[in-house]
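Data first, discussion second: the structure below is written as structure tokens.
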Amino acid sequence: MLSLYLTAWFVLATPSPGQDWTTAFEKSGGVRTPDYAETIAYCRRLADASPWVHYTTFGTSPQGRDLALLVCDKDGHKTPEEVRRSRSDNVVVLIQAGIHAGEIDGKDAGLMLIRDIAIHKTRAALLDHVTILFMPIFNVDGHERTSPYNRANQNGPEETGWRTTARGLNLNRDYLKADAAEMQDWLRLYTRWLPELLVDCHVTDGADYQYVVTYAMENLGSMDAQLTQWINVRFLGPLTDRMAAAGRPIIRYNSYRAHNEPTSGIVCWASPPRFSTGYAAIQNRPAILIETHMFKDYKTRVEGTYATLEHTLEILNEEHELVRKLIRDADARTASPELRAAPFPLSFRSTPDSVMIDFLGYEYEVVESDLTGGKWHRFSDRPVTMHIPMFNRLEAEEVVTLPEAYVVPAEWKDVIDRLALHGVKIERLRSDCDIEVGSWRLDEPDWPDSPHEGRFPVTFKSREITEKRSYPAGSAVVDMNQRAARVAAHALEPDGPDSFLQWGFFDSIFEQKEYIEPYVLEELARRMLAEDPDLRRELEALKASDEEFARSPGRIRHWLYQRSPYWDDRIGVYPVGKIVDRQSLKKLPR
């Protein structure tokens with residue numbers, strides 16, 4: 001019986017004689033990428049031909065296209081439950097391509113890599129301790145908006161897709177706010193699998209230089225300290241060495257102090273959770289952003305992505321036990337009082353500290369344009385090694401003290417649902433409650449004149465308050481003793497760079513809903529001023545110090561209305577409360 005099984009397995013796992021597994025990219029000589037239908041057909045062929053590859057979908061785009069996923073596992077496991085329950089000690093690596101569908105290198109590199117693993121078996125060892133999730137095209141609708149003119153800065157392929165979704169949303173700015181249907185499907189996949197590493201494949205814009213591949217990772221203080229150490233010492237070090245030994249030197253993704261001028265120095269940053277790397281970090285999982293260089297031809301870029309993926313998987317196979325342990329430990333620390341024992345940084349900024357590095361660039365000059373009158377950079381094809389500063393020291397910018405729990409009123413269902421989508425554990429109040437909470441009053445709200453990432457982000461000045469509030473049954477209690485506490489903090493702390501408040505989820509709290517007629521206010525104000533001499537003196541002082549105010553009847557009336565008993569004192573009060581002691585939290589009916 002065993003021999004029959006092994007024979008059947010060998011037949012399934014071995015391509016039939018004469019089968020052509022050359023990808024569309026390879027057939028074109030490295031200048032073309034296949035369309036959606038061709039890509040899906042090739043994925044299905046891989047799954048049909050190998051028991052190591054399973055084809056599935058994790059959602060549907062707004063235009064009705066399936067979001068495809070290949071699950072690659074030597075034991076044939078297809079679900080996270082199977083992988084985690086088995087005796088396998090595998091780590092899960094999610095490789096996603098085409099989040100910006102014009103930057104599609106990862107799709108063609110990934111298809112060849114999965115083929116070489118599961119069909120040709122030349123890279124089969126990469127599945128020894130790794131389960132691969134491969135997402136060939138994340139932004140599938142943008143992928144089909146093809147044109148040779150979609151990427152002005154990019155050298156191939158012949159035609160590319162579009163940066164944003166069919167609804168104009170940039171998925172790589174949407175991880176925490178999660179407005180796009182595609183991102184909501186991605187989050188369900190991510191929080192179900194919780195992969196130990198996310199690989200996000202892109203193509204750069206920016207200056208010219210010799211490197212084919214640059215990268216970004218959150219390794220400068222914005223994620224768990226022990227995971228950060230692993231990234232620096234046991235991942236990035238070996239990856240850099242292996243890529244260099246293969247003749248493919250890599251460097252951190254370049255952002256310069258002066259636009260497009262490498263000699264000005266590279267400035268490092270910590271990504272907020274709107275981005276893939278920043279989002280994975282607050283889930284206590286590393287992520288690497290692969291950015292191939294736009295001016296390199298498509299074949300060279302795809303080969304660079306392939307090599308980066310291959311060496312990344314090699315390292316994860318070697319490090320699988322340690323990575324799993326470090327992530328378990330990070331999750332445990334996050335779910336304990338240890339996270340709240342120290343100030344929690346929501347954002348970081350660069351410092352003047354730097355180190356000198358050798359940078360493989362090209363000679364360039366800054367030219368004054370006889371066409372526009374401005375200055376532009378003209379890069380040559382003459383390679384040069386520059387000795388430049390890298391500003392790789394960050395310091396915490398916005399820092400908060402985390403509470404024991406947050407309470408979100410039941411009426412903010414969209415906020416509660418969005419938290420759950422991120423894997424945040426939520427409990428509900430069983431009955432109405434009066435709760436002493438800390439919160440914030442938000443003054444001077446301001447919105448931009450034009451939208452940004454599909455919304456009008458609000459800025460404000462926040463000041464903390466403490467008060468007793470009535471919360472209805474069904475309100476959400478987010479106990480911070482949980483694995484996803486970092487996610488909850490970034491979503492609910494008002495001053496977080498990607499907080500739900502700043503992205504406009506709570507905009508209605510800033511709106512005045514009741515008004516007073518001028519003739520009613522005129523009579524009311526006279527009684528108020530007669531009964532309160534201090535109020536009269538304050539008004540007269542303000543008129544004397546602010547001529548514009550003194551000449552504006554509307555502003556004067558509004559000032560008086562704000563000080564009347566009819567004014568809505570809940571305008572600008574943040575509905576989310578925070579509970580700062582655990583004893584109070586324990587008393588809640590949950």
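All residue names refer to the structure tokens as shown: chains lettered A, B, ... in order, residues numbered from 1 in each chain, ligands numbered from 1 in order.
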
**Message:** Using DSSP assignments from the backbone, pull out every residue in range 386-578 of chain A that falls under strand (DSSP E or B) and give it to me as a PyMOL selection string.
**Reply:** chain A and resi 386-391+394-396+399-400+405-408+427-428+433-446+452+455+459-471+476-479+573+577-578

Would you export the selected residues with N, CA and C atoms as a short mmCIF file (atom, residue, chain, number, x, y, z; two decimals), in the first residue's frame, please?
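File out-v4.cif, as written:
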data_model
loop_
_atom_site.label_atom_id
_atom_site.label_comp_id
_atom_site.auth_asym_id
_atom_site.auth_seq_id
_atom_site.Cartn_x
_atom_site.Cartn_y
_atom_site.Cartn_z
N MET A 386 30.83 56.66 -3.44
CA MET A 386 30.77 57.88 -2.64
C MET A 386 30.88 57.54 -1.16
N HIS A 387 31.53 58.39 -0.41
CA HIS A 387 31.60 58.25 1.04
C HIS A 387 30.62 59.26 1.62
N ILE A 388 29.45 58.78 2.07
CA ILE A 388 28.37 59.69 2.45
C ILE A 388 27.85 59.32 3.84
N PRO A 389 27.17 60.28 4.51
CA PRO A 389 26.58 59.97 5.82
C PRO A 389 25.25 59.24 5.69
N MET A 390 25.02 58.35 6.62
CA MET A 390 23.70 57.72 6.77
C MET A 390 23.17 58.09 8.16
N PHE A 391 22.05 58.77 8.18
CA PHE A 391 21.45 59.23 9.44
C PHE A 391 20.51 58.13 9.93
N LEU A 394 17.28 57.16 15.35
CA LEU A 394 15.96 57.75 15.54
C LEU A 394 15.71 57.99 17.02
N GLU A 395 14.79 58.91 17.30
CA GLU A 395 14.34 59.11 18.67
C GLU A 395 12.82 59.17 18.68
N ALA A 396 12.26 58.78 19.80
CA ALA A 396 10.79 58.80 19.92
C ALA A 396 10.31 60.24 19.83
N VAL A 399 4.98 60.30 22.36
CA VAL A 399 5.06 59.23 23.36
C VAL A 399 3.84 59.33 24.28
N VAL A 400 3.25 58.16 24.61
CA VAL A 400 2.07 58.15 25.47
C VAL A 400 2.24 57.09 26.54
N ALA A 405 -7.07 49.62 29.55
CA ALA A 405 -8.08 49.26 28.55
C ALA A 405 -8.62 50.54 27.91
N TYR A 406 -9.17 50.37 26.71
CA TYR A 406 -9.96 51.43 26.06
C TYR A 406 -11.41 50.98 26.04
N VAL A 407 -12.32 51.97 26.05
CA VAL A 407 -13.74 51.68 25.91
C VAL A 407 -14.26 52.49 24.72
N VAL A 408 -14.87 51.79 23.76
CA VAL A 408 -15.42 52.42 22.57
C VAL A 408 -16.93 52.29 22.64
N GLU A 427 -14.20 42.74 24.06
CA GLU A 427 -15.27 42.25 24.93
C GLU A 427 -16.37 43.31 24.95
N ARG A 428 -17.58 42.90 25.25
CA ARG A 428 -18.73 43.82 25.23
C ARG A 428 -19.30 44.00 26.63
N CYS A 433 -23.32 51.20 31.75
CA CYS A 433 -22.36 51.44 32.84
C CYS A 433 -21.98 52.91 32.92
N ASP A 434 -21.83 53.41 34.13
CA ASP A 434 -21.19 54.70 34.37
C ASP A 434 -19.74 54.41 34.76
N ILE A 435 -18.79 54.92 33.95
CA ILE A 435 -17.39 54.56 34.14
C ILE A 435 -16.54 55.82 34.22
N GLU A 436 -15.65 55.85 35.19
CA GLU A 436 -14.66 56.93 35.29
C GLU A 436 -13.55 56.62 34.28
N VAL A 437 -13.39 57.52 33.32
CA VAL A 437 -12.40 57.28 32.27
C VAL A 437 -11.54 58.52 32.04
N GLY A 438 -10.37 58.28 31.51
CA GLY A 438 -9.58 59.35 30.93
C GLY A 438 -9.95 59.46 29.47
N SER A 439 -9.84 60.65 28.92
CA SER A 439 -10.12 60.84 27.50
C SER A 439 -9.43 62.12 27.04
N TRP A 440 -9.93 62.71 25.96
CA TRP A 440 -9.30 63.88 25.39
C TRP A 440 -10.36 64.86 24.90
N ARG A 441 -10.07 66.13 25.05
CA ARG A 441 -10.83 67.18 24.37
C ARG A 441 -9.94 67.69 23.24
N LEU A 442 -10.53 67.81 22.07
CA LEU A 442 -9.77 68.10 20.85
C LEU A 442 -10.16 69.47 20.33
N ASP A 443 -9.22 70.37 20.34
CA ASP A 443 -9.47 71.77 19.97
C ASP A 443 -8.83 72.09 18.62
N GLU A 444 -9.33 73.14 18.01
CA GLU A 444 -8.78 73.69 16.76
C GLU A 444 -8.66 72.64 15.65
N PRO A 445 -9.72 71.90 15.38
CA PRO A 445 -9.65 70.92 14.29
C PRO A 445 -9.46 71.61 12.94
N ASP A 446 -8.71 70.95 12.07
CA ASP A 446 -8.45 71.54 10.76
C ASP A 446 -8.33 70.42 9.74
N HIS A 452 -6.65 63.12 0.84
CA HIS A 452 -5.38 62.38 0.89
C HIS A 452 -5.72 60.93 1.18
N ARG A 455 -9.37 60.27 1.98
CA ARG A 455 -9.99 60.89 3.15
C ARG A 455 -9.46 62.31 3.33
N THR A 459 -6.32 67.46 11.69
CA THR A 459 -5.32 67.79 12.71
C THR A 459 -6.03 68.56 13.83
N PHE A 460 -5.43 68.55 15.02
CA PHE A 460 -6.09 69.14 16.18
C PHE A 460 -5.06 69.32 17.29
N LYS A 461 -5.47 69.99 18.34
CA LYS A 461 -4.69 70.05 19.57
C LYS A 461 -5.45 69.24 20.63
N SER A 462 -4.77 68.30 21.24
CA SER A 462 -5.43 67.42 22.20
C SER A 462 -5.03 67.78 23.62
N ARG A 463 -5.97 67.69 24.53
CA ARG A 463 -5.68 67.84 25.96
C ARG A 463 -6.46 66.78 26.72
N GLU A 464 -5.80 66.17 27.68
CA GLU A 464 -6.40 65.06 28.40
C GLU A 464 -7.41 65.55 29.42
N ILE A 465 -8.46 64.77 29.61
CA ILE A 465 -9.50 65.07 30.59
C ILE A 465 -9.83 63.78 31.34
N THR A 466 -10.46 63.91 32.49
CA THR A 466 -10.97 62.77 33.25
C THR A 466 -12.41 63.07 33.63
N GLU A 467 -13.30 62.13 33.40
CA GLU A 467 -14.71 62.36 33.70
C GLU A 467 -15.44 61.02 33.81
N LYS A 468 -16.64 61.08 34.38
CA LYS A 468 -17.50 59.90 34.43
C LYS A 468 -18.41 59.93 33.22
N ARG A 469 -18.48 58.79 32.51
CA ARG A 469 -19.30 58.70 31.32
C ARG A 469 -20.24 57.52 31.42
N SER A 470 -21.37 57.65 30.72
CA SER A 470 -22.31 56.55 30.62
C SER A 470 -22.08 55.83 29.29
N TYR A 471 -21.73 54.55 29.40
CA TYR A 471 -21.52 53.73 28.21
C TYR A 471 -22.64 52.71 28.10
N ALA A 476 -17.61 48.40 23.39
CA ALA A 476 -16.44 47.52 23.27
C ALA A 476 -15.39 47.88 24.31
N VAL A 477 -14.93 46.87 25.01
CA VAL A 477 -13.83 47.02 25.96
C VAL A 477 -12.62 46.33 25.36
N VAL A 478 -11.54 47.09 25.19
CA VAL A 478 -10.30 46.55 24.63
C VAL A 478 -9.29 46.44 25.75
N ASP A 479 -9.22 45.27 26.35
CA ASP A 479 -8.24 45.01 27.41
C ASP A 479 -6.86 44.96 26.77
N VAL A 573 -15.16 66.38 22.04
CA VAL A 573 -14.79 65.42 23.08
C VAL A 573 -14.70 64.04 22.44
N GLY A 577 -12.84 56.21 25.69
CA GLY A 577 -12.30 56.43 27.03
C GLY A 577 -11.20 55.44 27.33
N LYS A 578 -10.38 55.77 28.31
CA LYS A 578 -9.33 54.84 28.73
C LYS A 578 -9.45 54.60 30.23
#

**Prompt:** Any idea what's packed within 9 Å of range 238-241 of chain A, counting only C-alpha atoms, ignoring anything in its chain fewer than 4 positions away? Could you give it as a PyMOL selection string?
**Reply:** chain A and resi 233-234+245-246+248-251+308+311-312+315

**Request:** Could you tell me which of A:Leu46, A:Ala97, A:Glu540, A:Thr131 comes closest to Asp75 in chain A if we count only C-alpha atoms?
**Result:**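 For Asp75 in chain A, the nearest of the candidates is A:Thr131.
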
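Closest approach to Ala410 in chain A among A:Pro575, A:Ile266, A:Glu338, A:Ser347 is made by A:Pro575 (distances from only C-alpha atoms).
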
**Request:** Looking only at alpha helix (DSSP H) from DSSP on the backbone, list the matching residues of range 237-443 of chain A as number ranges by chain.
**Result:** A: 237-245, 276-282, 298-334, 413-421

**Asked** If you measure from CA of Pro62 in chain A to CA of Tyr279 in chain A, what distance in Å do you get, rounded to one decimal?
**Response** 23.3 Å

Any idea what's packed within 9 Å of Gln482 in chain A, counting only C-alpha atoms, ignoring anything in its chain fewer than 3 positions away? Could you give it as a tab-separated table (two decimals) with N, CA and C atoms, in the first residue's frame?
chain	number	residue	atom	x	y	z
A	331	ASP	N	4.99	38.49	21.55
A	331	ASP	CA	3.54	38.48	21.78
A	331	ASP	C	3.22	38.43	23.27
A	332	ALA	N	3.99	37.61	24.01
A	332	ALA	CA	3.75	37.49	25.45
A	332	ALA	C	4.06	38.81	26.16
A	334	THR	N	3.93	41.79	24.88
A	334	THR	CA	2.91	42.76	24.49
A	334	THR	C	1.62	42.53	25.26
A	335	ALA	N	1.31	41.29	25.54
A	335	ALA	CA	0.06	40.94	26.24
A	335	ALA	C	0.20	41.00	27.75
A	336	SER	N	1.28	41.60	28.25
A	336	SER	CA	1.52	41.66	29.69
A	336	SER	C	1.66	43.12	30.13
A	424	VAL	N	-7.78	42.52	16.91
A	424	VAL	CA	-7.86	43.05	18.27
A	424	VAL	C	-9.01	42.34	19.00
A	425	LYS	N	-8.70	41.80	20.16
A	425	LYS	CA	-9.71	41.09	20.96
A	425	LYS	C	-10.61	42.12	21.64
A	478	VAL	N	-11.54	47.09	25.19
A	478	VAL	CA	-10.30	46.55	24.63
A	478	VAL	C	-9.29	46.44	25.75
A	479	ASP	N	-9.22	45.27	26.35
A	479	ASP	CA	-8.24	45.01	27.41
A	479	ASP	C	-6.86	44.96	26.77
A	485	ALA	N	-2.11	44.48	21.34
A	485	ALA	CA	-2.21	45.74	22.08
A	485	ALA	C	-1.56	46.90	21.33
A	486	ARG	N	-0.46	46.65	20.63
A	486	ARG	CA	0.19	47.72	19.87
A	486	ARG	C	-0.73	48.24	18.76

**Item:** Atom pair CA of Trp52 in chain A / CA of Asp141 in chain A: separation (Å)
**Value:**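 According to the coordinates, CA of Trp52 in chain A and CA of Asp141 in chain A are separated by 28.4 Å.
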
Using only C-alpha atoms, what table do you get, as a Markdown table, when you list each residue of range 151-203 of chain A with an atom no more than 12 Å from range 213-219 of chain A, its nearest pair of atoms, and their distance in Å rounded to one decimal, rows by chain then rising number?
| residue | atom | partner | partner_atom | distance |
| --- | --- | --- | --- | --- |
| A:Leu197 | CA | A:Met217 | CA | 11.0 |
| A:Leu198 | CA | A:Met217 | CA | 10.4 |
| A:Val199 | CA | A:Met217 | CA | 10.0 |
| A:Asp200 | CA | A:Tyr215 | CA | 9.8 |
| A:Cys201 | CA | A:Tyr215 | CA | 9.5 |
| A:His202 | CA | A:Tyr215 | CA | 9.5 |
| A:Val203 | CA | A:Val213 | CA | 8.8 |

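The closest residue to Lys296 in chain A, picked from A:Gln226, A:Gln154, A:Thr60, A:Thr165 and counting only C-alpha atoms, is A:Gln154.
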
**Asked** From the set A:Val576, A:Leu309, A:Ala473, A:Leu539, which residue has the shortest atom-to-atom contact distance to Arg590 in chain A, counting only C-alpha atoms?
**Response**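 Checking each candidate against Arg590 in chain A, we get A:Ala473 as the closest.
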
**Item:** Point-to-point distance in Å for CA of Ala491 in chain A and CA of Ile290 in chain A
**Value:**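 Computing the Euclidean distance for CA of Ile290 in chain A and CA of Ala491 in chain A yields 26.3 Å.
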